[in-house]
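**Student:** This is protein.cif, which holds mmCIF, C-alpha atoms:
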data_data
#
loop_
_atom_site.group_PDB
_atom_site.id
_atom_site.type_symbol
_atom_site.label_atom_id
_atom_site.label_comp_id
_atom_site.auth_asym_id
_atom_site.auth_seq_id
_atom_site.Cartn_x
_atom_site.Cartn_y
_atom_site.Cartn_z
ATOM 1 C CA VAL A 1 82.927 14.881 -84.149
ATOM 2 C CA GLY A 2 82.185 12.644 -81.179
ATOM 3 C CA LEU A 3 81.879 8.984 -82.167
ATOM 4 C CA ILE A 4 79.705 6.870 -79.871
ATOM 5 C CA GLY A 5 79.969 3.155 -80.640
ATOM 6 C CA CYS A 6 83.043 1.272 -81.815
ATOM 7 C CA GLY A 7 81.722 -1.955 -83.333
ATOM 8 C CA GLY A 8 82.764 -3.586 -86.569
ATOM 9 C CA PHE A 9 80.670 -1.317 -88.793
ATOM 10 C CA ALA A 10 82.043 1.820 -87.152
ATOM 11 C CA ARG A 11 85.630 0.618 -87.588
ATOM 12 C CA SER A 12 85.298 -0.700 -91.128
ATOM 13 C CA GLN A 13 82.906 1.847 -92.670
ATOM 14 C CA ILE A 14 82.169 4.949 -90.603
ATOM 15 C CA ILE A 15 85.682 5.858 -89.467
ATOM 16 C CA PRO A 16 87.192 5.545 -92.983
ATOM 17 C CA ALA A 17 84.350 7.694 -94.347
ATOM 18 C CA LEU A 18 84.883 10.349 -91.689
ATOM 19 C CA LYS A 19 88.634 10.346 -92.333
ATOM 20 C CA GLN A 20 87.968 11.293 -95.952
ATOM 21 C CA GLN A 21 85.964 14.394 -94.987
ATOM 22 C CA SER A 22 87.843 17.679 -95.154
ATOM 23 C CA ASN A 23 88.373 19.523 -91.877
ATOM 24 C CA VAL A 24 86.705 16.796 -89.803
ATOM 25 C CA ALA A 25 88.392 15.271 -86.768
ATOM 26 C CA ILE A 26 87.138 12.559 -84.444
ATOM 27 C CA HIS A 27 87.679 14.410 -81.176
ATOM 28 C CA ALA A 28 86.094 11.977 -78.702
ATOM 29 C CA ILE A 29 85.331 8.256 -78.589
ATOM 30 C CA GLY A 30 82.567 6.721 -76.510
ATOM 31 C CA ALA A 31 82.174 2.954 -76.225
ATOM 32 C CA ALA A 32 80.582 0.371 -73.960
ATOM 33 C CA THR A 33 83.970 -0.769 -72.701
ATOM 34 C CA GLY A 34 87.145 1.157 -71.981
ATOM 35 C CA VAL A 35 89.234 -1.286 -73.993
ATOM 36 C CA SER A 36 87.215 -0.730 -77.172
ATOM 37 C CA ALA A 37 87.240 3.023 -76.693
ATOM 38 C CA ALA A 38 90.997 3.108 -76.095
ATOM 39 C CA ASN A 39 91.790 0.908 -79.106
ATOM 40 C CA VAL A 40 89.726 2.999 -81.498
ATOM 41 C CA GLY A 41 90.889 6.213 -79.864
ATOM 42 C CA ARG A 42 94.502 5.370 -80.635
ATOM 43 C CA LEU A 43 93.542 4.526 -84.205
ATOM 44 C CA VAL A 44 91.937 7.917 -84.872
ATOM 45 C CA LYS A 45 94.139 9.942 -82.495
ATOM 46 C CA ALA A 46 91.135 11.132 -80.491
ATOM 47 C CA ALA A 47 91.654 13.669 -77.715
ATOM 48 C CA TYR A 48 90.065 11.289 -75.206
ATOM 49 C CA CYS A 49 88.045 8.076 -74.824
ATOM 50 C CA THR A 50 85.250 7.318 -72.381
ATOM 51 C CA THR A 51 82.497 4.859 -71.514
ATOM 52 C CA ASP A 52 80.179 7.795 -70.677
ATOM 53 C CA TRP A 53 78.391 8.700 -73.913
ATOM 54 C CA ASP A 54 76.577 11.590 -72.223
ATOM 55 C CA ALA A 55 79.933 13.261 -71.562
ATOM 56 C CA VAL A 56 80.676 13.195 -75.295
ATOM 57 C CA ILE A 57 77.368 14.904 -76.064
ATOM 58 C CA LYS A 58 77.940 17.589 -73.421
ATOM 59 C CA ASP A 59 81.518 18.306 -74.516
ATOM 60 C CA PRO A 60 81.585 21.892 -75.882
ATOM 61 C CA ASP A 61 84.465 20.941 -78.195
ATOM 62 C CA VAL A 62 82.293 18.376 -79.977
ATOM 63 C CA ASP A 63 80.291 19.953 -82.813
ATOM 64 C CA ALA A 64 78.402 16.855 -83.957
ATOM 65 C CA ILE A 65 77.697 13.305 -82.828
ATOM 66 C CA VAL A 66 77.914 10.041 -84.776
ATOM 67 C CA ILE A 67 75.940 7.232 -83.135
ATOM 68 C CA ALA A 68 76.960 3.687 -84.072
ATOM 69 C CA THR A 69 75.885 1.672 -81.028
ATOM 70 C CA ARG A 70 73.560 -1.329 -80.945
ATOM 71 C CA HIS A 71 69.986 -0.589 -81.930
ATOM 72 C CA GLY A 72 68.432 -0.480 -78.476
ATOM 73 C CA SER A 73 70.560 2.473 -77.376
ATOM 74 C CA HIS A 74 69.932 4.674 -80.419
ATOM 75 C CA TYR A 75 66.856 6.218 -78.819
ATOM 76 C CA PRO A 76 68.351 7.582 -75.590
ATOM 77 C CA ILE A 77 71.552 8.796 -77.247
ATOM 78 C CA ALA A 78 69.871 10.448 -80.248
ATOM 79 C CA LEU A 79 67.239 12.047 -78.028
ATOM 80 C CA ALA A 80 69.924 13.411 -75.685
ATOM 81 C CA ALA A 81 71.868 14.819 -78.636
ATOM 82 C CA ALA A 82 68.758 16.517 -80.035
ATOM 83 C CA ARG A 83 67.834 18.017 -76.681
ATOM 84 C CA ALA A 84 71.402 19.281 -76.307
ATOM 85 C CA GLY A 85 71.159 20.952 -79.711
ATOM 86 C CA LYS A 86 73.939 18.788 -81.150
ATOM 87 C CA PRO A 87 73.640 17.766 -84.812
ATOM 88 C CA PHE A 88 73.974 14.017 -85.233
ATOM 89 C CA HIS A 89 74.101 11.015 -87.512
ATOM 90 C CA VAL A 90 72.497 7.851 -86.140
ATOM 91 C CA GLU A 91 72.870 4.448 -87.723
ATOM 92 C CA LYS A 92 69.642 2.706 -88.659
ATOM 93 C CA PRO A 93 67.215 2.144 -87.083
ATOM 94 C CA LEU A 94 66.299 5.518 -85.634
ATOM 95 C CA ALA A 95 64.752 3.621 -82.717
ATOM 96 C CA ILE A 96 63.208 0.222 -82.072
ATOM 97 C CA ALA A 97 59.739 1.557 -81.191
ATOM 98 C CA THR A 98 57.711 3.926 -83.363
ATOM 99 C CA HIS A 99 56.874 6.296 -80.515
ATOM 100 C CA GLU A 100 60.599 6.578 -79.741
ATOM 101 C CA ALA A 101 61.399 7.415 -83.375
ATOM 102 C CA ARG A 102 58.670 10.044 -83.378
ATOM 103 C CA GLU A 103 59.990 11.583 -80.153
ATOM 104 C CA ILE A 104 63.479 11.910 -81.626
ATOM 105 C CA ALA A 105 62.159 13.476 -84.835
ATOM 106 C CA GLU A 106 60.093 15.988 -82.829
ATOM 107 C CA ALA A 107 63.111 16.913 -80.691
ATOM 108 C CA VAL A 108 65.220 17.431 -83.833
ATOM 109 C CA ALA A 109 62.551 19.653 -85.381
ATOM 110 C CA SER A 110 62.288 21.667 -82.171
ATOM 111 C CA ALA A 111 66.072 22.115 -81.955
ATOM 112 C CA GLU A 112 66.308 22.981 -85.678
ATOM 113 C CA ILE A 113 69.498 20.966 -86.112
ATOM 114 C CA PRO A 114 70.701 18.821 -89.013
ATOM 115 C CA ALA A 115 70.281 15.168 -88.044
ATOM 116 C CA CYS A 116 70.359 12.170 -90.337
ATOM 117 C CA ILE A 117 69.800 8.425 -90.235
ATOM 118 C CA GLY A 118 72.126 5.896 -91.851
ATOM 119 C CA PHE A 119 70.040 5.010 -94.892
ATOM 120 C CA ASN A 120 73.188 5.170 -97.002
ATOM 121 C CA ARG A 121 71.693 3.365 -99.993
ATOM 122 C CA ARG A 122 69.954 6.622 -100.881
ATOM 123 C CA SER A 123 73.435 8.015 -101.609
ATOM 124 C CA ALA A 124 74.769 5.049 -103.597
ATOM 125 C CA PRO A 125 75.896 6.302 -107.029
ATOM 126 C CA PHE A 126 73.631 3.922 -108.958
ATOM 127 C CA VAL A 127 70.632 4.859 -106.808
ATOM 128 C CA SER A 128 71.387 8.550 -107.314
ATOM 129 C CA THR A 129 71.465 8.026 -111.088
ATOM 130 C CA LEU A 130 68.239 6.036 -110.998
ATOM 131 C CA LYS A 131 66.538 8.629 -108.799
ATOM 132 C CA SER A 132 67.412 11.364 -111.297
ATOM 133 C CA SER A 133 65.991 9.279 -114.149
ATOM 134 C CA LEU A 134 62.727 8.828 -112.237
ATOM 135 C CA GLU A 135 62.174 12.550 -111.679
ATOM 136 C CA ASN A 136 60.442 13.060 -115.023
ATOM 137 C CA ARG A 137 58.408 9.865 -115.103
ATOM 138 C CA ILE A 138 54.811 10.087 -116.291
ATOM 139 C CA GLY A 139 53.287 6.883 -114.973
ATOM 140 C CA PRO A 140 53.743 4.798 -111.829
ATOM 141 C CA VAL A 141 56.928 2.890 -111.065
ATOM 142 C CA ASP A 142 57.249 -0.829 -110.274
ATOM 143 C CA ILE A 143 60.011 -1.745 -107.820
ATOM 144 C CA LEU A 144 61.352 -5.185 -106.939
ATOM 145 C CA ILE A 145 64.033 -5.510 -104.262
ATOM 146 C CA ARG A 146 65.465 -8.979 -103.656
ATOM 147 C CA VAL A 147 67.722 -9.488 -100.634
ATOM 148 C CA ASN A 148 69.769 -12.658 -100.107
ATOM 149 C CA ALA A 149 70.376 -12.202 -96.376
ATOM 150 C CA ASN A 150 72.555 -14.368 -94.185
ATOM 151 C CA PRO A 151 70.942 -16.760 -91.706
ATOM 152 C CA LEU A 152 71.433 -15.708 -88.093
ATOM 153 C CA PRO A 153 72.038 -17.911 -85.054
ATOM 154 C CA ALA A 154 69.185 -17.957 -82.570
ATOM 155 C CA ASP A 155 71.215 -16.077 -79.977
ATOM 156 C CA HIS A 156 72.316 -13.230 -82.298
ATOM 157 C CA TRP A 157 71.908 -9.850 -80.606
ATOM 158 C CA THR A 158 69.896 -8.346 -83.464
ATOM 159 C CA LEU A 159 67.109 -10.842 -82.773
ATOM 160 C CA ASP A 160 66.784 -9.734 -79.171
ATOM 161 C CA PRO A 161 63.611 -7.579 -78.957
ATOM 162 C CA GLU A 162 65.193 -4.942 -76.715
ATOM 163 C CA GLU A 163 68.773 -4.879 -77.960
ATOM 164 C CA GLY A 164 68.298 -5.465 -81.671
ATOM 165 C CA GLY A 165 64.574 -5.288 -82.420
ATOM 166 C CA GLY A 166 64.529 -8.122 -84.963
ATOM 167 C CA ARG A 167 65.265 -8.421 -88.683
ATOM 168 C CA LEU A 168 62.762 -5.833 -89.885
ATOM 169 C CA VAL A 169 64.012 -3.179 -87.496
ATOM 170 C CA GLY A 170 67.678 -4.022 -87.938
ATOM 171 C CA GLU A 171 68.002 -4.516 -91.693
ATOM 172 C CA GLY A 172 64.598 -4.656 -93.379
ATOM 173 C CA CYS A 173 64.283 -0.938 -92.662
ATOM 174 C CA HIS A 174 66.874 -0.255 -95.383
ATOM 175 C CA PHE A 175 64.654 -1.701 -98.094
ATOM 176 C CA LEU A 176 61.386 -0.209 -96.894
ATOM 177 C CA ASP A 177 63.146 3.155 -97.025
ATOM 178 C CA LEU A 178 64.767 2.539 -100.409
ATOM 179 C CA ALA A 179 61.434 1.631 -101.989
ATOM 180 C CA ALA A 180 59.837 4.796 -100.581
ATOM 181 C CA TYR A 181 62.780 6.898 -101.760
ATOM 182 C CA LEU A 182 62.542 5.599 -105.324
ATOM 183 C CA ALA A 183 58.757 6.024 -105.401
ATOM 184 C CA ASP A 184 59.120 9.499 -103.822
ATOM 185 C CA ASP A 185 56.346 8.697 -101.350
ATOM 186 C CA PRO A 186 56.265 7.096 -97.865
ATOM 187 C CA GLY A 187 53.668 4.616 -99.137
ATOM 188 C CA ARG A 188 52.108 1.933 -96.997
ATOM 189 C CA VAL A 189 52.455 -1.798 -96.572
ATOM 190 C CA VAL A 190 49.372 -3.574 -97.923
ATOM 191 C CA ALA A 191 50.518 -7.192 -97.613
ATOM 192 C CA ALA A 192 53.222 -9.315 -96.009
ATOM 193 C CA VAL A 193 53.869 -13.029 -95.649
ATOM 194 C CA SER A 194 56.617 -15.017 -93.963
ATOM 195 C CA ASN A 195 57.753 -18.622 -93.927
ATOM 196 C CA GLY A 196 59.829 -18.017 -90.825
ATOM 197 C CA GLY A 197 57.302 -19.242 -88.293
ATOM 198 C CA ASP A 198 59.354 -22.311 -87.410
ATOM 199 C CA SER A 199 62.749 -20.611 -87.303
ATOM 200 C CA GLY A 200 62.810 -19.774 -83.604
ATOM 201 C CA PRO A 201 63.376 -16.113 -82.791
ATOM 202 C CA ASP A 202 64.257 -15.284 -86.409
ATOM 203 C CA THR A 203 60.623 -15.148 -87.549
ATOM 204 C CA GLU A 204 61.391 -12.264 -89.925
ATOM 205 C CA GLY A 205 64.243 -13.983 -91.754
ATOM 206 C CA ASN A 206 62.126 -14.804 -94.823
ATOM 207 C CA LEU A 207 59.613 -12.151 -95.800
ATOM 208 C CA THR A 208 57.670 -10.904 -98.791
ATOM 209 C CA ILE A 209 56.400 -7.341 -98.373
ATOM 210 C CA VAL A 210 54.145 -5.465 -100.786
ATOM 211 C CA MET A 211 53.975 -1.662 -100.676
ATOM 212 C CA ARG A 212 51.606 0.651 -102.483
ATOM 213 C CA PHE A 213 52.043 4.354 -103.173
ATOM 214 C CA ALA A 214 49.637 7.229 -103.749
ATOM 215 C CA ASP A 215 50.201 7.470 -107.529
ATOM 216 C CA GLY A 216 49.670 3.750 -108.155
ATOM 217 C CA SER A 217 53.320 2.795 -107.891
ATOM 218 C CA ARG A 218 54.086 -0.459 -106.117
ATOM 219 C CA ALA A 219 57.046 -2.222 -104.575
ATOM 220 C CA THR A 220 57.754 -5.806 -103.622
ATOM 221 C CA ILE A 221 60.537 -6.658 -101.187
ATOM 222 C CA LEU A 222 61.727 -10.285 -101.139
ATOM 223 C CA TYR A 223 63.906 -10.699 -98.063
ATOM 224 C CA GLY A 224 65.213 -14.233 -97.587
ATOM 225 C CA SER A 225 67.834 -16.006 -95.508
ATOM 226 C CA SER A 226 67.545 -19.476 -97.061
ATOM 227 C CA GLY A 227 69.530 -18.820 -100.239
ATOM 228 C CA ASN A 228 73.083 -19.739 -101.155
ATOM 229 C CA ALA A 229 75.801 -17.471 -99.769
ATOM 230 C CA GLY A 230 77.429 -17.310 -103.216
ATOM 231 C CA LEU A 231 74.501 -15.348 -104.650
ATOM 232 C CA PRO A 232 75.022 -11.560 -104.569
ATOM 233 C CA LYS A 233 73.109 -10.042 -101.696
ATOM 234 C CA GLU A 234 70.963 -7.294 -103.238
ATOM 235 C CA ARG A 235 69.235 -6.834 -106.570
ATOM 236 C CA ILE A 236 66.949 -3.918 -107.432
ATOM 237 C CA GLU A 237 64.714 -3.933 -110.520
ATOM 238 C CA VAL A 238 62.749 -0.822 -111.452
ATOM 239 C CA ALA A 239 60.378 -0.309 -114.401
ATOM 240 C CA TRP A 240 58.445 2.784 -115.541
ATOM 241 C CA ASP A 241 57.252 4.421 -118.778
ATOM 242 C CA GLY A 242 58.735 1.677 -120.953
ATOM 243 C CA LYS A 243 62.102 1.901 -119.212
ATOM 244 C CA SER A 244 63.887 -0.605 -116.977
ATOM 245 C CA VAL A 245 66.930 -0.439 -114.698
ATOM 246 C CA VAL A 246 68.557 -3.267 -112.761
ATOM 247 C CA ILE A 247 71.090 -2.600 -109.992
ATOM 248 C CA ASP A 248 73.019 -5.751 -109.156
ATOM 249 C CA ASP A 249 74.564 -5.644 -105.675
ATOM 250 C CA PHE A 250 75.679 -2.016 -106.128
ATOM 251 C CA VAL A 251 78.419 -3.139 -108.522
ATOM 252 C CA ARG A 252 76.597 -3.179 -111.855
ATOM 253 C CA MET A 253 73.697 -1.182 -113.298
ATOM 254 C CA ASP A 254 71.967 -2.398 -116.466
ATOM 255 C CA CYS A 255 69.803 0.197 -118.214
ATOM 256 C CA HIS A 256 67.164 -0.469 -120.855
ATOM 257 C CA GLY A 257 65.534 2.462 -122.628
ATOM 258 C CA VAL A 258 67.253 5.012 -120.395
ATOM 259 C CA GLY A 259 70.894 6.051 -119.958
ATOM 260 C CA GLY A 260 73.781 3.639 -120.228
ATOM 261 C CA SER A 261 74.824 0.537 -118.318
ATOM 262 C CA ARG A 262 77.765 0.850 -115.929
ATOM 263 C CA LYS A 263 79.987 -1.324 -113.779
ATOM 264 C CA LEU A 264 82.083 -0.293 -110.787
ATOM 265 C CA ARG A 265 85.410 -1.749 -109.758
ATOM 266 C CA LYS A 266 84.091 -2.318 -106.257
ATOM 267 C CA GLN A 267 80.750 -2.242 -104.489
ATOM 268 C CA ASP A 268 79.498 1.190 -103.442
ATOM 269 C CA LYS A 269 76.456 1.355 -101.145
ATOM 270 C CA GLY A 270 76.840 5.091 -100.651
ATOM 271 C CA ILE A 271 78.467 5.259 -97.225
ATOM 272 C CA LEU A 272 81.159 7.772 -98.189
ATOM 273 C CA ALA A 273 78.665 9.944 -100.099
ATOM 274 C CA HIS A 274 76.260 9.747 -97.152
ATOM 275 C CA PHE A 275 78.831 11.171 -94.732
ATOM 276 C CA THR A 276 79.929 13.770 -97.266
ATOM 277 C CA ASN A 277 76.310 14.904 -97.418
ATOM 278 C CA PHE A 278 76.110 14.937 -93.606
ATOM 279 C CA THR A 279 79.234 17.056 -93.126
ATOM 280 C CA SER A 280 78.143 19.402 -95.934
ATOM 281 C CA ALA A 281 74.784 19.834 -94.194
ATOM 282 C CA LEU A 282 76.586 20.653 -90.947
ATOM 283 C CA ARG A 283 78.181 23.596 -92.757
ATOM 284 C CA GLY A 284 74.893 24.665 -94.320
ATOM 285 C CA LYS A 285 76.037 23.694 -97.802
ATOM 286 C CA ALA A 286 73.579 20.846 -98.519
ATOM 287 C CA ASP A 287 70.196 19.444 -97.588
ATOM 288 C CA LEU A 288 70.240 16.073 -95.880
ATOM 289 C CA ILE A 289 69.428 13.174 -98.187
ATOM 290 C CA ALA A 290 68.310 10.980 -95.277
ATOM 291 C CA PRO A 291 66.902 13.210 -92.494
ATOM 292 C CA VAL A 292 65.706 11.536 -89.296
ATOM 293 C CA SER A 293 62.082 12.219 -90.254
ATOM 294 C CA VAL A 294 62.232 9.341 -92.739
ATOM 295 C CA GLY A 295 63.118 7.049 -89.852
ATOM 296 C CA THR A 296 59.653 7.692 -88.443
ATOM 297 C CA ASP A 297 58.075 6.811 -91.807
ATOM 298 C CA VAL A 298 59.976 3.521 -91.873
ATOM 299 C CA ALA A 299 58.992 2.741 -88.285
ATOM 300 C CA LEU A 300 55.348 3.035 -89.360
ATOM 301 C CA ARG A 301 55.985 0.720 -92.343
ATOM 302 C CA ILE A 302 57.471 -1.839 -89.933
ATOM 303 C CA GLU A 303 54.338 -1.627 -87.796
ATOM 304 C CA GLU A 304 52.191 -2.162 -90.888
ATOM 305 C CA THR A 305 54.304 -5.140 -91.973
ATOM 306 C CA ARG A 306 54.020 -6.826 -88.602
ATOM 307 C CA ALA A 307 50.289 -6.177 -88.515
ATOM 308 C CA GLN A 308 49.969 -7.861 -91.913
ATOM 309 C CA LEU A 309 52.039 -10.818 -90.740
ATOM 310 C CA ALA A 310 49.808 -11.193 -87.686
ATOM 311 C CA ASN A 311 46.699 -11.075 -89.866
ATOM 312 C CA VAL A 312 48.053 -13.672 -92.277
ATOM 313 C CA SER A 313 48.902 -16.039 -89.450
ATOM 314 C CA SER A 314 45.267 -15.991 -88.327
ATOM 315 C CA ASP A 315 43.465 -15.403 -91.621
ATOM 316 C CA SER A 316 44.731 -16.848 -94.897
ATOM 317 C CA THR A 317 42.455 -14.572 -96.942
ATOM 318 C CA SER A 318 43.961 -11.352 -95.657
ATOM 319 C CA ILE A 319 46.464 -11.016 -98.500
ATOM 320 C CA ASP A 320 43.685 -11.029 -101.104
ATOM 321 C CA ALA A 321 41.698 -8.585 -99.007
ATOM 322 C CA ALA A 322 44.689 -6.243 -98.644
ATOM 323 C CA LEU A 323 45.525 -6.254 -102.323
ATOM 324 C CA SER A 324 41.914 -5.527 -103.318
ATOM 325 C CA ASP A 325 41.583 -2.754 -100.707
#
Please go through the file and, once you have read it, give me the structure as structure tokens.

**Tutor:**
Amino acid sequence: VGLIGCGGFARSQIIPALKQQSNVAIHAIGAATGVSAANVGRLVKAAYCTTDWDAVIKDPDVDAIVIATRHGSHYPIALAAARAGKPFHVEKPLAIATHEAREIAEAVASAEIPACIGFNRRSAPFVSTLKSSLENRIGPVDILIRVNANPLPADHWTLDPEEGGGRLVGEGCHFLDLAAYLADDPGRVVAAVSNGGDSGPDTEGNLTIVMRFADGSRATILYGSSGNAGLPKERIEVAWDGKSVVIDDFVRMDCHGVGGSRKLRKQDKGILAHFTNFTSALRGKADLIAPVSVGTDVALRIEETRAQLANVSSDSTSIDAALSD
């Protein structure tokens, strides 16, 4: 594997997950600075380190690429990997712009390579259990996802339109994807409101998003950055056919009318299982749970959300109109 990007998430989550995969070695390290590359390279005993990510992709000894750079560089690196015929994992988002995400997905399809996006919540054990329970549902499903996000300083890189893309692109994408995964349909965003208009560049820090799906299922995403830091970050409530399941911060799952409640010793958002699925797919032993094609679906949902926010800012009746559409 060639690892491109050596930030905090790569060091704390991706590298430990890769180390637990059988017969997987991190052969090359690519980073924005030589110091970062060298430090991580020593940690994983890589064959070499470089600031030239293209060299990692072109290396014949590298079988697959893991992309963990800042959001704005996902597009050129993932596209180069696809065009080189190298399987890859790319952290979310697939790209900042929808047309970029679509171009990557088309290149992957043309190359016929396994390529996945880092929507690891799909692989979380509680989500996997819930997904299995939903397979035999008769009626629509109602989904509520509440996110207690941290406030960000005005100069945070994720808020930069070119480097980070904003809150929706950088983190909201996780929850748009999770709702679609549970509903088993890409869906569409029919309404969105925000109270972030006076929060400087972080206009997407407090959002309510409503999604609707083809079978009548619906999802509401409450993403807020004004709550207390002591409150657990994520809570998922799902109801269908007289059954209810609550996943509390990926530590506890309470089941009513289906299965049994469970509690984990520590939080598990599915990162290890995600990379196990990726490496299994590389060997032809599994289908990808989060293929890059879903990144294009989420990019479209982000466009729809922002269109709804723009409509609401100019027309206070647009929410009612959207919901009655």

**Student:** If the PyMOL selection byres ((chain A and resi 31-38) around 12) is run on the structure shown, which residues does it catch, given as a ChimeraX atom specification?

**Tutor:** /A:2-8,10-11,28-30,39-56,66-70,73

**Student:** Given the file shown, enumerate the residues that the PyMOL selection byres ((chain A and resi 130) around 10) captures and present them as an MDAnalysis selection string.

**Tutor:** chainID A and resid 124:129 131:135 182 238 244:247 253 255 258:259

**Student:** Measuring between all atoms listed in the file, which one of A:Ala286, A:Ile138, A:Gly270, A:Ser110 shows the shortest distance to Ala82 in chain A?

**Tutor:**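 Distance minimum relative to Ala82 in chain A lands on A:Ser110.
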
**Student:** Hey, which of A:Pro114, A:Ala97, A:Gly139, A:Glu106 ends up closest to Lys285 in chain A? Count all atoms listed in the file.

**Tutor:**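 Selected residue with least distance to Lys285 in chain A: A:Pro114.
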
**Student:** Rounded to one decimal, what separation in Å do you get between CA of Asp297 in chain A and CA of Pro186 in chain A?

**Tutor:**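 For CA of Asp297 in chain A relative to CA of Pro186 in chain A, the distance reads 6.3 Å.
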
**Student:** Quick one: residues within 12 Å of Arg283 in chain A, all atoms listed in the file counted, chain neighbours fewer than 4 positions away excluded, as a PyMOL selection string?

**Tutor:** chain A and resi 22-24+63-64+87+113-114+276-279+287-288
